[in-house]
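> The structure file input-v2.txt (compact mmCIF, C-alpha atoms) is provided below.
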# COMPACT_ATOMS: atom_id res chain seq x y z
CA MET A 27 101.98 100.65 106.23
CA THR A 28 100.77 99.88 102.73
CA PRO A 29 99.15 96.57 101.80
CA SER A 30 102.31 95.66 99.86
CA GLU A 31 104.56 96.43 102.82
CA PHE A 32 102.33 94.37 105.12
CA ALA A 33 102.25 91.42 102.70
CA ARG A 34 106.02 91.50 102.17
CA SER A 35 106.62 91.60 105.92
CA GLU A 36 104.32 88.63 106.49
CA LEU A 37 105.91 86.73 103.59
CA SER A 38 109.37 87.32 105.03
CA GLY A 39 108.36 85.69 108.32
CA PHE A 40 106.64 82.87 106.46
CA LEU A 41 109.72 82.16 104.36
CA GLU A 42 111.91 82.04 107.47
CA LYS A 43 109.72 79.16 108.68
CA VAL A 44 110.06 77.47 105.29
CA ASP A 45 113.86 77.79 105.45
CA ALA A 46 113.95 76.48 109.02
CA GLY A 47 111.89 73.45 107.97
CA ASN A 48 114.16 72.66 105.02
CA MET A 49 111.14 72.62 102.70
CA ASP A 50 111.07 73.16 98.93
CA LYS A 51 110.75 76.95 98.84
CA ALA A 52 109.55 77.10 95.22
CA ALA A 53 106.84 74.50 95.85
CA ILE A 54 105.67 76.31 98.99
CA ILE A 55 105.52 79.67 97.19
CA ARG A 56 103.54 78.13 94.31
CA ALA A 57 101.12 76.65 96.84
CA LEU A 58 100.86 80.04 98.54
CA LEU A 59 100.08 81.70 95.18
CA ASP A 60 97.39 79.09 94.56
CA ALA A 61 95.87 79.67 98.00
CA ALA A 62 95.99 83.45 97.54
CA ALA A 63 94.28 83.21 94.13
CA GLU A 64 91.56 80.99 95.64
CA ALA A 65 91.05 83.50 98.46
CA LEU A 66 90.88 86.43 96.03
CA VAL A 67 88.30 84.67 93.86
CA GLU A 68 86.09 84.34 96.94
CA ILE A 69 85.82 88.14 97.22
CA THR A 70 86.14 89.15 93.55
CA SER A 71 85.25 87.54 90.24
CA VAL A 72 87.32 84.95 88.41
CA GLU A 73 87.92 87.53 85.68
CA ASP A 74 89.17 90.12 88.19
CA THR A 75 91.48 87.54 89.73
CA GLN A 76 92.83 86.55 86.32
CA ASN A 77 93.41 90.21 85.48
CA GLU A 78 95.23 90.74 88.77
CA LEU A 79 97.47 87.72 88.25
CA SER A 80 98.21 88.79 84.66
CA PHE A 81 99.05 92.31 85.82
CA ILE A 82 101.42 90.98 88.46
CA ALA A 83 103.09 88.57 86.02
CA ASN A 84 103.55 91.31 83.42
CA ASN A 85 104.98 93.81 85.90
CA ILE A 86 107.17 91.69 88.17
CA SER A 87 110.19 93.48 89.55
CA GLY A 88 109.67 93.34 93.30
CA ASP A 89 109.87 96.98 94.35
CA GLU A 90 106.84 98.71 92.87
CA ASP A 91 103.44 99.13 94.48
CA TYR A 92 101.03 99.73 91.63
CA SER A 93 97.79 99.06 93.51
CA PHE A 94 96.36 102.38 92.32
CA MET A 95 96.87 101.30 88.69
CA ARG A 96 95.44 97.79 88.89
CA PRO A 97 92.36 96.96 86.81
Once more with this new file: its structure as structure tokens, please.

Amino acid sequence: MTPSEFARSELSGFLEKVDAGNMDKAAIIRALLDAAAEALVEITSVEDTQNELSFIANNISGDEDYSFMRP
């Protein structure tokens, strides 16, 4: 299982809980992104985290796993 497959599987289960709780899905996902960025900055630099977020934003489509190409 790749890191992307693992993350997507975990996110799927997480979002089922969000749906069951009738919570604002967009707000929860934004909060999750914020928490993930904070966690990443703890193990990499702020610049690396910014580059990662920029890469993801510029290449969003949902199906690709470009981890080997990331800066």
> Excluding region 50-55 of chain A and residues on its chain fewer than 6 positions from it, collect all residues at most 12 Å away from it, counting all atoms listed in the file, and give them as an MDAnalysis selection string.
chainID A and resid 37:38 40:44 61:62
> Find the distance between CA of Ile86 (chain A) and CA of Ser71 (chain A) and write it in Å to one decimal.
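CA of Ile86 (chain A) sits 22.4 Å away from CA of Ser71 (chain A).
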> Between CA of Ala46 (chain A) and CA of Leu58 (chain A), measure the distance and give it in Å to one decimal.
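These atoms are spaced 17.1 Å apart.
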> Which residue out of A:Met49, A:Met27, A:Leu66, A:Ala57 has the minimum interatomic distance to Leu79 (chain A) when only C-alpha atoms are used?
A:Leu66
> Could you work out how far CA of Glu68 (chain A) lies from CA of Ser87 (chain A), giving the answer in Å with one decimal?
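CA of Glu68 (chain A) lies at a distance of 26.8 Å from CA of Ser87 (chain A).
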